[in-house]
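> There's a structure below that I have some questions on.
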2 protein chains.
Amino acid sequence: MIRRTRQREAILAALRATDSHPTADWIYDQIRRVMPTISLGTVYRNLRFLCECGKAQEIDMTGAHTRFDGNPENHYHFRCDNCGRVFDVGGVVDKELDERVARETGFQISHHRLEFRGLCRGCQRAGNPEGRA
Amino acid sequence: MIRRTRQREAILAALRATDSHPTADWIYDQIRRVMPTISLGTVYRNLRFLCECGKAQEIDMTGAHTRFDGNPENHYHFRCDNCGRVFDVGGVVDKELDERVARETGFQISHHRLEFRGLCRGCQRAGNPEGRA
DNA sequence: TTAGGTGCAAAACCTTTGCCATCCC
DNA sequence: GGGATGGCAAAGGTTTTGCACCTAA
């Protein structure tokens, strides 16, 4: 049964109170000011928990390892949530999107990276959407 | 002066010979079969080198740390190449893109993540596009 | 009462780095 | 020859985990 603890509440509150997309370490520092004995392990455990139950999300599209692509041209990728494999997605990179968002935001945009997530053809057939190969 | 070495050639060849978006470790294993004394450090050094001179690219949009977002709704981000800060980008997530790519590829797509890169407003003014705060 | 959660510290993990030997130009 | 690279191993930094204690329900 899921229990609400002071630590978990504090972590979610810290996350909700900022738009700085903080790291685990930043949250740890924030909370330690008012709860000096909290541990970094608890922060990591709860961040993972909050992501799993849909109350937060990780931003970096990080797998366990860095992956490299011998094709240096910008192109889009698809990553299978089940087996972790990464595939190229054909089609044209939308350069106008960069220009539009640059106008809207004032950021100087050099490019964008786009990653689709879901199940690859093989894992759809295998039909174990929960596991991870 | 840049020198061509057997190791560097082998790493680029391995990268070009696959579309599996390999990890450094995978490349290391491949090359060790024909060049048993190559070291993992060399693989990392050369992968970084190849990315820097535009012959390969890293796929994961990984910063040094994982960043978390208290907003669990899918939305787009902008990451400043200079200061590393991450900003939300407003606007609507293009759900039709998922459907279109799903039709084209046969993948089952649940969502996509999109990250713009460039210089934020503050770093444009500061005018040091090379450094990193 | 008791299963879930915490704190602490060690482990695990990937990646980088220092140093000296080696190799390419 | 001499500087760029490689091999090796140790260091570095982040994240995870084992375990004993604690605590919310």
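Ligands are numbered from 1 in the order shown, residues from 1 within each chain, and chains are lettered A, B, ... in the order they appear in the structure tokens.
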I need the chain A residues near chain B as a VMD selection string; criterion: at most 7 Å, counting only C-alpha atoms.
chain A and resid 15 to 16 20 to 23 54 to 62 65 to 72 86 106 to 121
> Hey, can you spit out that residue selection with C-alpha atoms as an mmCIF file, in the first residue's frame?

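result-v3.cif, written as the output of this step:
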data_model
loop_
_atom_site.group_PDB
_atom_site.id
_atom_site.type_symbol
_atom_site.label_atom_id
_atom_site.label_comp_id
_atom_site.auth_asym_id
_atom_site.auth_seq_id
_atom_site.Cartn_x
_atom_site.Cartn_y
_atom_site.Cartn_z
ATOM 1 C CA LEU A 15 9.311 19.815 -7.977
ATOM 2 C CA ARG A 16 6.034 21.649 -8.330
ATOM 3 C CA SER A 20 13.878 25.027 -13.495
ATOM 4 C CA HIS A 21 13.710 21.333 -14.398
ATOM 5 C CA PRO A 22 15.917 20.459 -11.482
ATOM 6 C CA THR A 23 18.315 17.604 -10.987
ATOM 7 C CA GLY A 54 2.674 9.972 -13.604
ATOM 8 C CA LYS A 55 3.200 12.891 -11.277
ATOM 9 C CA ALA A 56 6.496 13.945 -12.819
ATOM 10 C CA GLN A 57 8.645 13.053 -15.754
ATOM 11 C CA GLU A 58 12.270 12.734 -16.643
ATOM 12 C CA ILE A 59 13.350 15.183 -19.272
ATOM 13 C CA ASP A 60 16.507 13.712 -20.620
ATOM 14 C CA MET A 61 15.904 11.008 -23.119
ATOM 15 C CA THR A 62 18.559 8.996 -21.488
ATOM 16 C CA HIS A 65 24.156 4.181 -22.015
ATOM 17 C CA THR A 66 24.916 6.871 -24.482
ATOM 18 C CA ARG A 67 24.179 5.722 -27.974
ATOM 19 C CA PHE A 68 25.996 6.867 -31.054
ATOM 20 C CA ASP A 69 24.832 7.239 -34.603
ATOM 21 C CA GLY A 70 27.172 6.992 -37.547
ATOM 22 C CA ASN A 71 24.831 9.220 -39.530
ATOM 23 C CA PRO A 72 25.699 12.764 -38.559
ATOM 24 C CA VAL A 86 16.598 2.649 -31.443
ATOM 25 C CA GLY A 106 13.164 34.617 -28.764
ATOM 26 C CA PHE A 107 15.561 31.707 -28.435
ATOM 27 C CA GLN A 108 18.176 31.250 -31.112
ATOM 28 C CA ILE A 109 17.499 27.731 -32.325
ATOM 29 C CA SER A 110 20.044 25.710 -34.213
ATOM 30 C CA HIS A 111 18.161 22.449 -34.473
ATOM 31 C CA HIS A 112 15.818 20.116 -32.681
ATOM 32 C CA ARG A 113 15.923 16.480 -31.734
ATOM 33 C CA LEU A 114 12.838 14.351 -31.869
ATOM 34 C CA GLU A 115 12.324 10.897 -30.460
ATOM 35 C CA PHE A 116 9.223 8.772 -30.791
ATOM 36 C CA ARG A 117 8.466 6.220 -28.117
ATOM 37 C CA GLY A 118 6.328 3.129 -28.162
ATOM 38 C CA LEU A 119 6.602 -0.491 -29.292
ATOM 39 C CA CYS A 120 8.573 -1.647 -32.295
ATOM 40 C CA ARG A 121 7.063 -4.165 -34.667
#
> Select residues of chain C: the criterion is any atom within 8 Å of an atom of chain B, counting only C-alpha atoms (C1' of nucleotides); output as a VMD selection string.
chain C and resid 15 24 to 25
> Can you write just those residues out, all heavy atoms, as a CSV table (one decimal), in the first residue's frame?

chain,number,residue,atom,x,y,z
C,15,DT,P,28.4,5.7,-21.2
C,15,DT,OP1,27.4,6.6,-21.9
C,15,DT,OP2,28.9,4.5,-21.9
C,15,DT,O5',29.6,6.5,-20.7
C,15,DT,C5',29.3,7.7,-19.9
C,15,DT,C4',30.6,8.4,-19.5
C,15,DT,O4',31.3,7.5,-18.5
C,15,DT,C3',31.6,8.7,-20.6
C,15,DT,O3',31.8,10.1,-20.7
C,15,DT,C2',32.9,8.0,-20.2
C,15,DT,C1',32.7,7.7,-18.7
C,15,DT,N1,33.3,6.6,-18.0
C,15,DT,C2,34.2,6.8,-17.0
C,15,DT,O2,34.4,7.9,-16.6
C,15,DT,N3,34.7,5.6,-16.5
C,15,DT,C4,34.5,4.3,-16.9
C,15,DT,O4,35.1,3.4,-16.3
C,15,DT,C5,33.6,4.2,-18.0
C,15,DT,C7,33.3,2.8,-18.5
C,15,DT,C6,33.1,5.3,-18.5
C,24,DC,P,51.1,3.4,-37.0
C,24,DC,OP1,49.9,2.6,-37.3
C,24,DC,OP2,52.5,2.9,-37.4
C,24,DC,O5',50.9,4.9,-37.5
C,24,DC,C5',49.8,5.6,-37.1
C,24,DC,C4',50.1,7.1,-37.4
C,24,DC,O4',51.2,7.6,-36.6
C,24,DC,C3',50.4,7.4,-38.8
C,24,DC,O3',49.5,8.5,-39.2
C,24,DC,C2',51.9,7.7,-38.8
C,24,DC,C1',52.1,8.3,-37.4
C,24,DC,N1,53.4,8.0,-36.8
C,24,DC,C2,54.1,9.1,-36.2
C,24,DC,O2,53.5,10.2,-36.1
C,24,DC,N3,55.3,8.8,-35.6
C,24,DC,C4,55.8,7.6,-35.7
C,24,DC,N4,57.0,7.4,-35.1
C,24,DC,C5,55.2,6.5,-36.3
C,24,DC,C6,54.0,6.8,-36.9
C,25,DC,P,49.4,8.9,-40.7
C,25,DC,OP1,48.0,9.4,-40.9
C,25,DC,OP2,49.9,7.8,-41.5
C,25,DC,O5',50.4,10.2,-40.9
C,25,DC,C5',50.4,11.1,-39.8
C,25,DC,C4',51.3,12.2,-40.1
C,25,DC,O4',52.6,12.0,-39.4
C,25,DC,C3',51.7,12.5,-41.5
C,25,DC,O3',51.7,13.8,-41.8
C,25,DC,C2',53.1,11.9,-41.6
C,25,DC,C1',53.7,12.1,-40.2
C,25,DC,N1,54.7,11.1,-39.8
C,25,DC,C2,55.7,11.5,-38.9
C,25,DC,O2,55.7,12.7,-38.5
C,25,DC,N3,56.6,10.6,-38.5
C,25,DC,C4,56.5,9.3,-38.9
C,25,DC,N4,57.4,8.5,-38.4
C,25,DC,C5,55.5,8.9,-39.8
C,25,DC,C6,54.6,9.8,-40.2
> Where does DSSP see strand (DSSP E) in chain A, if you list the residues as a PyMOL selection string?
chain A and resi 57-58+68-69+76-80+86-89+108-119
> Which residues of chain D come within 9 Å of chain B, and what is each one's closest atom pair and distance in Å (one decimal), counting only C-alpha atoms (C1' of nucleotides), sorted by chain and residue number, as a Markdown table?

| residue | atom | partner | partner_atom | distance |
| --- | --- | --- | --- | --- |
| D:DG3 | C1' | B:Met1 | CA | 8.3 |
| D:DA4 | C1' | B:Arg3 | CA | 6.8 |
| D:DT5 | C1' | B:Thr5 | CA | 7.8 |
| D:DG6 | C1' | B:Thr42 | CA | 6.6 |
| D:DG7 | C1' | B:Ser39 | CA | 6.1 |
| D:DC8 | C1' | B:Ser39 | CA | 7.9 |
| D:DT14 | C1' | B:His65 | CA | 7.1 |
> Save out the residues we just selected, N, CA, C and O atoms (P, O5', C5', C4', C3', O3' and C1' of nucleotides), as a short mmCIF file (atom, residue, chain, number, x, y, z; two decimals), in the first residue's frame.

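Result file is again_36.cif:
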data_model
loop_
_atom_site.label_atom_id
_atom_site.label_comp_id
_atom_site.auth_asym_id
_atom_site.auth_seq_id
_atom_site.Cartn_x
_atom_site.Cartn_y
_atom_site.Cartn_z
P DG D 3 56.91 18.37 -29.70
"O5'" DG D 3 55.37 18.41 -30.03
"C5'" DG D 3 54.94 18.69 -31.36
"C4'" DG D 3 53.86 17.71 -31.77
"C3'" DG D 3 52.68 17.65 -30.80
"O3'" DG D 3 51.51 17.41 -31.55
"C1'" DG D 3 53.62 15.52 -30.97
P DA D 4 50.13 17.76 -30.93
"O5'" DA D 4 49.31 16.47 -31.37
"C5'" DA D 4 49.18 16.16 -32.75
"C4'" DA D 4 48.82 14.70 -32.91
"C3'" DA D 4 47.53 14.29 -32.21
"O3'" DA D 4 46.91 13.31 -33.03
"C1'" DA D 4 49.30 13.00 -31.37
P DT D 5 45.40 12.98 -32.87
"O5'" DT D 5 45.43 11.44 -32.47
"C5'" DT D 5 46.55 10.92 -31.80
"C4'" DT D 5 46.49 9.41 -31.79
"C3'" DT D 5 45.28 8.85 -31.05
"O3'" DT D 5 45.00 7.56 -31.56
"C1'" DT D 5 47.25 8.51 -29.78
P DG D 6 43.91 6.68 -30.85
"O5'" DG D 6 44.81 5.68 -30.00
"C5'" DG D 6 45.72 4.84 -30.68
"C4'" DG D 6 46.30 3.81 -29.72
"C3'" DG D 6 45.26 3.08 -28.88
"O3'" DG D 6 45.64 1.71 -28.78
"C1'" DG D 6 46.71 4.30 -27.46
P DG D 7 44.71 0.67 -28.11
"O5'" DG D 7 45.41 0.42 -26.70
"C5'" DG D 7 46.74 -0.06 -26.66
"C4'" DG D 7 47.15 -0.32 -25.22
"C3'" DG D 7 46.10 -1.02 -24.37
"O3'" DG D 7 46.75 -1.98 -23.56
"C1'" DG D 7 46.65 1.09 -23.40
P DC D 8 45.93 -3.08 -22.77
"O5'" DC D 8 46.03 -2.52 -21.29
"C5'" DC D 8 47.31 -2.13 -20.77
"C4'" DC D 8 47.12 -1.35 -19.49
"C3'" DC D 8 45.99 -1.85 -18.60
"O3'" DC D 8 46.53 -2.28 -17.36
"C1'" DC D 8 45.94 0.52 -18.82
P DT D 14 27.76 14.53 -10.23
"O5'" DT D 14 26.73 13.38 -10.58
"C5'" DT D 14 26.41 13.16 -11.95
"C4'" DT D 14 25.67 11.86 -12.11
"C3'" DT D 14 24.34 11.79 -11.34
"O3'" DT D 14 23.35 11.32 -12.24
"C1'" DT D 14 25.69 9.91 -10.83
#
> Ranking D:DG1, D:DA24, D:DT15, D:DA10 by minimum distance to DG5 of chain C and counting only C-alpha atoms (C1' of nucleotides), which one comes first?
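Using only C-alpha atoms (C1' of nucleotides), the shortest distance to DG5 of chain C belongs to D:DA24.
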> So that I can check the surroundings of DA10 of chain C, please list as a ChimeraX atom specification every protein, DNA and RNA residue that reaches within 12 Å of it, counting only C-alpha atoms (C1' of nucleotides) and ignoring chain neighbours fewer than 3 positions away.
/D:16-19
> Could you turn the residues from that selection into a file that holds N, CA, C and O atoms (P, O5', C5', C4', C3', O3' and C1' of nucleotides), as a PDB file, in the first residue's frame?

ATOM      1  P    DT D  16      18.566   5.400 -10.686  1.00  0.00           P
ATOM      2  O5'  DT D  16      19.208   4.195  -9.875  1.00  0.00           O
ATOM      3  C5'  DT D  16      20.096   3.337 -10.549  1.00  0.00           C
ATOM      4  C4'  DT D  16      20.552   2.231  -9.624  1.00  0.00           C
ATOM      5  C3'  DT D  16      19.430   1.515  -8.854  1.00  0.00           C
ATOM      6  O3'  DT D  16      19.709   0.132  -8.959  1.00  0.00           O
ATOM      7  C1'  DT D  16      21.066   2.272  -7.353  1.00  0.00           C
ATOM      8  P    DT D  17      18.666  -0.940  -8.435  1.00  0.00           P
ATOM      9  O5'  DT D  17      19.341  -1.475  -7.087  1.00  0.00           O
ATOM     10  C5'  DT D  17      20.748  -1.445  -6.972  1.00  0.00           C
ATOM     11  C4'  DT D  17      21.171  -2.045  -5.642  1.00  0.00           C
ATOM     12  C3'  DT D  17      20.088  -2.788  -4.867  1.00  0.00           C
ATOM     13  O3'  DT D  17      20.712  -3.834  -4.138  1.00  0.00           O
ATOM     14  C1'  DT D  17      20.834  -0.974  -3.600  1.00  0.00           C
ATOM     15  P    DG D  18      19.884  -5.096  -3.683  1.00  0.00           P
ATOM     16  O5'  DG D  18      20.575  -5.442  -2.290  1.00  0.00           O
ATOM     17  C5'  DG D  18      21.986  -5.245  -2.131  1.00  0.00           C
ATOM     18  C4'  DG D  18      22.354  -5.263  -0.653  1.00  0.00           C
ATOM     19  C3'  DG D  18      21.410  -6.071   0.233  1.00  0.00           C
ATOM     20  O3'  DG D  18      22.168  -6.602   1.310  1.00  0.00           O
ATOM     21  C1'  DG D  18      21.279  -3.792   0.826  1.00  0.00           C
ATOM     22  P    DC D  19      21.531  -7.653   2.325  1.00  0.00           P
ATOM     23  O5'  DC D  19      21.343  -6.743   3.611  1.00  0.00           O
ATOM     24  C5'  DC D  19      22.366  -5.802   3.962  1.00  0.00           C
ATOM     25  C4'  DC D  19      21.936  -5.006   5.181  1.00  0.00           C
ATOM     26  C3'  DC D  19      20.848  -5.680   6.021  1.00  0.00           C
ATOM     27  O3'  DC D  19      21.126  -5.436   7.385  1.00  0.00           O
ATOM     28  C1'  DC D  19      20.114  -3.564   5.358  1.00  0.00           C
TER      29       DC D  19
END
